[in-house]
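Enquirer: Here it is: the structure, laid out below.
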Amino acid sequence: MKRRGRFAPTPSGLLHIGNAFAALASWLQMRHYGGEFVLRIEDIDKPRSRPAFAEQCLKDLRWLGLDWDEGPDTGGSHAPYAQSKREAYYEEAIDKLIELNLLYPCYCSRSELASIASAPHGLSSEGAPYPGLCRSLSSEERERKAMKKAPALRFKMPRGEACFMDGITGKQCFSGEGLGDFVVKRADGMFSYQLAVTVDDAMMGITDVLRGSDLLDSTPRQLALYEALALNAPDFAHIPLIGDEDNPRLSKRDKSITLTSLHNAGIAPERIVGLLAYLAGWIDRPEPVKADELVASYHTDCLSSGNLVFTSELRAWLFDGASQ
Ligand code: GLU
């Protein structure tokens, strides 16, 4: 069986160097192992997504030297490749979870939850764990609340320890209580990232999910959904985030490091790939390199220890190339 990987950007902004690193690494993983690479646009959050960003994303990735075997523009046997066109599949999964009695309606408002959440939650991609207020409402209480407000649907995250083997950082364990019951469908009808990404990766036959470590604690949540829906789970691997001397993570607001602005500044894509390859330990010093020149030597040996630092020297090196 061929391995299948994917890059799944959210078109709510332009791709930046951090996104490019995730795209390059997952592309290299597939090209190195002779697998197939899928591009999927995660535009489930319609108000935040823009078709223009999705289009630019495809252009930026091609400019960087990446290609894909299946995607929104190339098509493929797992189409459609945009989440906004896959809602029927998410609804099916919701129906199945309801049948299994694994969801419950939640009437809590954001502000109610914010006032309860006192625990630090900086590490969770979902915010503070849900305190479970609506998990055990009586049917009368549910009916009463339902008259005033449409509910979100929450998944009953299994209690106890949830461990998985990360392909880069090794064994990772989380507590089900610490992760909490998460939303799979919002009160306004929007399906959540956790649900959509799980359904899509499963239906698209993805065998390898390689993505940034900001999504590390999403993995036990998604694995719980795979288990509940009796779907085959892929192998997961998380790459470090790229930060600078002051921040563990590059700011999304730093417009100077979007691929589009680097392109417009006259920086060659080989220079961006060279910078990323140097940070990842695929080459010994920063030098321009093409993405396909890295395929043979791809490895993840240097990616298991902490964040990568885009130093001011490296920034100067990158921008030095602007006039060349
Ligand atoms: N769409 C997500 C993002 O852009 C990535 C999803 C994933 O790789 O699982 O952050």
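The way I read the labels, and the way they are meant: chains A, B, ... in the order of the structure tokens, residue 1 as the first residue of every chain, and ligand 1 as the first ligand shown, with later ones counted on from there.
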Go through chain A residue by residue and, counting only C-alpha atoms and all ligand atoms, keep those with an atom at most 7 Å from ligand 1; for each kept residue give the shortest atom pair and its distance in Å to one decimal, ordered by chain and increasing number, as JSON lines.
Expert:
```
{"residue": "A:Phe7", "atom": "CA", "partner": "ligand 1", "partner_atom_place_in_ligand_line": "8 (O)", "distance": 6.2}
{"residue": "A:Ala8", "atom": "CA", "partner": "ligand 1", "partner_atom_place_in_ligand_line": "1 (N)", "distance": 5.0}
{"residue": "A:Pro9", "atom": "CA", "partner": "ligand 1", "partner_atom_place_in_ligand_line": "4 (O)", "distance": 3.9}
{"residue": "A:Thr10", "atom": "CA", "partner": "ligand 1", "partner_atom_place_in_ligand_line": "4 (O)", "distance": 4.1}
{"residue": "A:Glu42", "atom": "CA", "partner": "ligand 1", "partner_atom_place_in_ligand_line": "1 (N)", "distance": 5.2}
{"residue": "A:Val197", "atom": "CA", "partner": "ligand 1", "partner_atom_place_in_ligand_line": "9 (O)", "distance": 6.2}
{"residue": "A:Arg211", "atom": "CA", "partner": "ligand 1", "partner_atom_place_in_ligand_line": "8 (O)", "distance": 5.1}
{"residue": "A:Leu215", "atom": "CA", "partner": "ligand 1", "partner_atom_place_in_ligand_line": "9 (O)", "distance": 6.9}
```
Enquirer: Go ahead and save the residues from that selection, with N, CA and C atoms, as a PDB file, in the first residue's frame.
Expert:
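Full text of part15.pdb as output:
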```pdb
ATOM      1  N   PHE A   7      -1.087  18.178   3.001  1.00  0.00           N
ATOM      2  CA  PHE A   7      -0.948  19.493   3.610  1.00  0.00           C
ATOM      3  C   PHE A   7      -2.339  20.085   3.559  1.00  0.00           C
ATOM      4  N   ALA A   8      -2.760  20.681   4.667  1.00  0.00           N
ATOM      5  CA  ALA A   8      -4.168  21.068   4.784  1.00  0.00           C
ATOM      6  C   ALA A   8      -4.300  22.488   5.330  1.00  0.00           C
ATOM      7  N   PRO A   9      -3.945  23.475   4.517  1.00  0.00           N
ATOM      8  CA  PRO A   9      -3.970  24.855   5.023  1.00  0.00           C
ATOM      9  C   PRO A   9      -5.381  25.427   5.176  1.00  0.00           C
ATOM     10  N   THR A  10      -5.512  26.334   6.131  1.00  0.00           N
ATOM     11  CA  THR A  10      -6.742  27.096   6.320  1.00  0.00           C
ATOM     12  C   THR A  10      -6.573  28.432   5.598  1.00  0.00           C
ATOM     13  N   GLU A  42      -8.728  23.731   3.941  1.00  0.00           N
ATOM     14  CA  GLU A  42      -9.582  23.595   5.129  1.00  0.00           C
ATOM     15  C   GLU A  42     -10.357  24.898   5.362  1.00  0.00           C
ATOM     16  N   VAL A 197     -11.370  17.380  10.071  1.00  0.00           N
ATOM     17  CA  VAL A 197     -10.036  16.883   9.703  1.00  0.00           C
ATOM     18  C   VAL A 197      -9.980  15.356   9.849  1.00  0.00           C
ATOM     19  N   ARG A 211       2.574  17.489  10.790  1.00  0.00           N
ATOM     20  CA  ARG A 211       2.129  18.876  10.922  1.00  0.00           C
ATOM     21  C   ARG A 211       2.835  19.532  12.097  1.00  0.00           C
ATOM     22  N   LEU A 215      -0.417  21.605  16.941  1.00  0.00           N
ATOM     23  CA  LEU A 215      -1.602  20.739  16.864  1.00  0.00           C
ATOM     24  C   LEU A 215      -1.419  19.431  17.635  1.00  0.00           C
TER      25      LEU A 215
END
```
Enquirer: Excluding segment 77-94 of chain A and its own-chain neighbours fewer than 6 positions away, which residues fall within 8 Å of it when counting only C-alpha atoms? Please give them as a short mmCIF file (atom, residue, chain, number, x, y, z; two decimals) with N, CA and C atoms, in the first residue's frame.
Expert:
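As written to disk, around_32.cif reads:
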```cif
data_model
loop_
_atom_site.label_atom_id
_atom_site.label_comp_id
_atom_site.auth_asym_id
_atom_site.auth_seq_id
_atom_site.Cartn_x
_atom_site.Cartn_y
_atom_site.Cartn_z
N LEU A 39 -3.30 17.81 -1.40
CA LEU A 39 -3.52 19.17 -0.90
C LEU A 39 -5.01 19.36 -0.63
N ARG A 40 -5.32 19.75 0.59
CA ARG A 40 -6.74 19.95 0.95
C ARG A 40 -6.91 21.33 1.56
N ILE A 41 -7.89 22.04 1.10
CA ILE A 41 -8.14 23.39 1.62
C ILE A 41 -9.15 23.29 2.77
N GLU A 42 -8.73 23.73 3.94
CA GLU A 42 -9.58 23.59 5.13
C GLU A 42 -10.36 24.90 5.36
N ASP A 43 -11.38 25.06 4.52
CA ASP A 43 -12.17 26.30 4.57
C ASP A 43 -13.53 26.06 5.23
N ILE A 44 -13.52 25.21 6.26
CA ILE A 44 -14.77 24.91 6.96
C ILE A 44 -15.31 26.14 7.69
N LYS A 46 -16.22 29.30 7.19
CA LYS A 46 -16.46 30.15 6.01
C LYS A 46 -16.24 31.64 6.26
N GLU A 70 -3.08 14.96 -5.76
CA GLU A 70 -4.53 15.23 -5.71
C GLU A 70 -4.71 16.57 -5.00
N GLY A 71 -5.67 17.32 -5.46
CA GLY A 71 -5.91 18.62 -4.82
C GLY A 71 -7.03 19.35 -5.51
N VAL A 184 -17.98 19.36 18.31
CA VAL A 184 -17.86 18.81 16.95
C VAL A 184 -18.76 19.56 15.97
N PHE A 191 -19.22 22.86 11.45
CA PHE A 191 -18.54 21.67 11.96
C PHE A 191 -17.17 22.09 12.46
N LEU A 195 -13.51 17.48 13.97
CA LEU A 195 -14.37 16.52 13.28
C LEU A 195 -14.02 16.47 11.79
N ALA A 196 -13.94 17.65 11.17
CA ALA A 196 -13.75 17.70 9.72
C ALA A 196 -12.41 17.07 9.32
N VAL A 199 -12.59 13.17 9.64
CA VAL A 199 -13.39 12.56 8.57
C VAL A 199 -12.61 12.62 7.25
N MET A 203 -11.28 9.51 5.08
CA MET A 203 -11.89 9.24 3.77
C MET A 203 -10.88 9.35 2.64
N MET A 204 -9.88 10.20 2.84
CA MET A 204 -8.88 10.39 1.78
C MET A 204 -7.75 9.38 1.88
N LEU A 229 -15.54 6.28 15.59
CA LEU A 229 -16.16 6.08 14.27
C LEU A 229 -15.65 4.81 13.58
#
```
Enquirer: Using only C-alpha atoms, find the one residue out of A:Leu225, A:Leu262, A:Ala162, A:Ile267 that sits nearest to Tyr193 of chain A.
Expert: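 Looking at the shortest contact to Tyr193 of chain A, the residue is A:Leu225.
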Enquirer: Which of these residues is nearest to Ile257 of chain A, using only C-alpha atoms: A:Leu113, A:Phe310, A:Ser304, A:Gly132?
Expert: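 Among the listed residues, A:Phe310 lies closest to Ile257 of chain A.
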Enquirer: DSSP on the backbone, then: every residue of segment 13-46 of chain A marked helix (DSSP H, G or I), written as a PDB file with N, CA and C atoms, in the first residue's frame.
Expert:
```pdb
ATOM      1  N   ILE A  17       6.326  31.511   6.550  1.00  0.00           N
ATOM      2  CA  ILE A  17       7.449  30.568   6.595  1.00  0.00           C
ATOM      3  C   ILE A  17       7.124  29.317   7.423  1.00  0.00           C
ATOM      4  N   GLY A  18       6.388  29.505   8.515  1.00  0.00           N
ATOM      5  CA  GLY A  18       6.017  28.364   9.366  1.00  0.00           C
ATOM      6  C   GLY A  18       5.135  27.371   8.609  1.00  0.00           C
ATOM      7  N   ASN A  19       4.146  27.880   7.869  1.00  0.00           N
ATOM      8  CA  ASN A  19       3.288  27.001   7.059  1.00  0.00           C
ATOM      9  C   ASN A  19       4.119  26.310   5.977  1.00  0.00           C
ATOM     10  N   ALA A  20       5.037  27.082   5.394  1.00  0.00           N
ATOM     11  CA  ALA A  20       5.865  26.527   4.316  1.00  0.00           C
ATOM     12  C   ALA A  20       6.691  25.355   4.846  1.00  0.00           C
ATOM     13  N   PHE A  21       7.121  25.447   6.096  1.00  0.00           N
ATOM     14  CA  PHE A  21       7.913  24.371   6.679  1.00  0.00           C
ATOM     15  C   PHE A  21       7.075  23.094   6.803  1.00  0.00           C
ATOM     16  N   ALA A  22       5.840  23.249   7.277  1.00  0.00           N
ATOM     17  CA  ALA A  22       4.957  22.073   7.397  1.00  0.00           C
ATOM     18  C   ALA A  22       4.663  21.487   6.014  1.00  0.00           C
ATOM     19  N   ALA A  23       4.426  22.352   5.044  1.00  0.00           N
ATOM     20  CA  ALA A  23       4.136  21.878   3.681  1.00  0.00           C
ATOM     21  C   ALA A  23       5.347  21.147   3.108  1.00  0.00           C
ATOM     22  N   LEU A  24       6.528  21.770   3.242  1.00  0.00           N
ATOM     23  CA  LEU A  24       7.748  21.166   2.692  1.00  0.00           C
ATOM     24  C   LEU A  24       8.042  19.822   3.362  1.00  0.00           C
ATOM     25  N   ALA A  25       7.929  19.773   4.690  1.00  0.00           N
ATOM     26  CA  ALA A  25       8.272  18.542   5.404  1.00  0.00           C
ATOM     27  C   ALA A  25       7.313  17.404   5.033  1.00  0.00           C
ATOM     28  N   SER A  26       6.016  17.700   4.947  1.00  0.00           N
ATOM     29  CA  SER A  26       5.084  16.599   4.635  1.00  0.00           C
ATOM     30  C   SER A  26       5.224  16.185   3.167  1.00  0.00           C
ATOM     31  N   TRP A  27       5.525  17.149   2.308  1.00  0.00           N
ATOM     32  CA  TRP A  27       5.775  16.830   0.892  1.00  0.00           C
ATOM     33  C   TRP A  27       7.021  15.951   0.751  1.00  0.00           C
ATOM     34  N   LEU A  28       8.100  16.352   1.458  1.00  0.00           N
ATOM     35  CA  LEU A  28       9.349  15.571   1.378  1.00  0.00           C
ATOM     36  C   LEU A  28       9.151  14.158   1.917  1.00  0.00           C
ATOM     37  N   GLN A  29       8.394  14.059   3.002  1.00  0.00           N
ATOM     38  CA  GLN A  29       8.147  12.730   3.582  1.00  0.00           C
ATOM     39  C   GLN A  29       7.541  11.805   2.514  1.00  0.00           C
ATOM     40  N   MET A  30       6.538  12.314   1.798  1.00  0.00           N
ATOM     41  CA  MET A  30       5.892  11.477   0.773  1.00  0.00           C
ATOM     42  C   MET A  30       6.814  11.222  -0.411  1.00  0.00           C
ATOM     43  N   ARG A  31       7.498  12.251  -0.884  1.00  0.00           N
ATOM     44  CA  ARG A  31       8.379  12.065  -2.042  1.00  0.00           C
ATOM     45  C   ARG A  31       9.531  11.129  -1.690  1.00  0.00           C
ATOM     46  N   HIS A  32      10.024  11.219  -0.456  1.00  0.00           N
ATOM     47  CA  HIS A  32      11.135  10.366  -0.016  1.00  0.00           C
ATOM     48  C   HIS A  32      10.715   8.890   0.018  1.00  0.00           C
ATOM     49  N   LYS A  46     -16.222  29.302   7.191  1.00  0.00           N
ATOM     50  CA  LYS A  46     -16.464  30.146   6.013  1.00  0.00           C
ATOM     51  C   LYS A  46     -16.242  31.640   6.262  1.00  0.00           C
TER      52      LYS A  46
END
```
Enquirer: Of the residues A:Gly5, A:Pro288, A:Gly321, A:Pro151, which is the one nearest to Tyr107 of chain A, using only C-alpha atoms?
Expert: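 Of A:Gly5, A:Pro288, A:Gly321, A:Pro151, the one nearest Tyr107 of chain A, counting only C-alpha atoms, is A:Pro151.
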Enquirer: I'd like to know which residues of segment 110-278 of chain A are strand (DSSP E or B) (by DSSP, run on the backbone); could you write them as an NGL selection string?
Expert: :A and (152-155 or 161-166 or 170-175 or 182-185 or 191 or 208-212 or 235-239 or 242-243 or 258)
Enquirer: Write out as a list in words which residues come within 9 Å of Tyr33 of chain A when counting only C-alpha atoms, dropping same-chain ones fewer than 5 positions away.
Expert: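 Here the qualifying residues turn out to be Lys2, Arg3, Leu28 and Val295 of chain A.
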Enquirer: So, with only C-alpha atoms as the atoms that count, which of A:Gly35, A:Pro51, A:Gly306, A:Pro240 lies closest to Ile206 of chain A?
Expert: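 Closest candidate: A:Gly35.
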Enquirer: Could you check how far atom CA of Ala296 of chain A sits from atom CA of Trp68 of chain A, in Å to one decimal?
Expert: 17.8 Å
Enquirer: In Å, with one decimal, what is the gap from atom CA of Met165 of chain A to atom CA of Pro129 of chain A?
Expert: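 Separation of atom CA of Met165 of chain A and atom CA of Pro129 of chain A: 22.8 Å.
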Enquirer: Would you list the contacts of Leu279 of chain A as a list in words, taking every protein, DNA or RNA residue within 8 Å and counting only C-alpha atoms, but skipping same-chain residues closer than 4 positions in sequence?
Expert: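 Returned residues: Leu275, Leu308, Val309 and Phe310 of chain A.
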Enquirer: For Leu66 of chain A, which residue out of A:Arg159, A:Arg6, A:Lys171, A:His16 is the nearest one, using only C-alpha atoms?
Expert: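 Nearest candidate to Leu66 of chain A out of A:Arg159, A:Arg6, A:Lys171, A:His16: A:Arg6.
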Enquirer: Give the answer as one residue: which of A:Asp45, A:Asp244, A:Glu313, A:Glu36 has the shortest atom-to-atom distance to Ser192 of chain A, using only C-alpha atoms?
Expert: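 Looking at the shortest contact to Ser192 of chain A, the residue is A:Asp45.
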Enquirer: Leaving out Ile239 of chain A and any residue of its chain fewer than 4 positions from it, which residues lie within 7 Å of it when counting only C-alpha atoms, given as a list in words?
Expert: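 The filter keeps Arg211, Gly212, Ser213 and Leu303 of chain A.
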Enquirer: Any chance you can output those residues with N, CA and C atoms as a PDB file, in the first residue's frame?
Expert:
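What ended up in selection-v1.pdb:
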```
ATOM      1  N   ARG A 211       2.574  17.489  10.790  1.00  0.00           N
ATOM      2  CA  ARG A 211       2.129  18.876  10.922  1.00  0.00           C
ATOM      3  C   ARG A 211       2.835  19.532  12.097  1.00  0.00           C
ATOM      4  N   GLY A 212       2.561  20.815  12.301  1.00  0.00           N
ATOM      5  CA  GLY A 212       3.238  21.576  13.348  1.00  0.00           C
ATOM      6  C   GLY A 212       2.834  21.143  14.744  1.00  0.00           C
ATOM      7  N   SER A 213       3.738  21.322  15.698  1.00  0.00           N
ATOM      8  CA  SER A 213       3.470  20.840  17.054  1.00  0.00           C
ATOM      9  C   SER A 213       2.440  21.701  17.780  1.00  0.00           C
ATOM     10  N   LEU A 303      14.676  16.927  14.410  1.00  0.00           N
ATOM     11  CA  LEU A 303      13.423  17.657  14.636  1.00  0.00           C
ATOM     12  C   LEU A 303      12.748  17.333  15.964  1.00  0.00           C
TER      13      LEU A 303
END
```
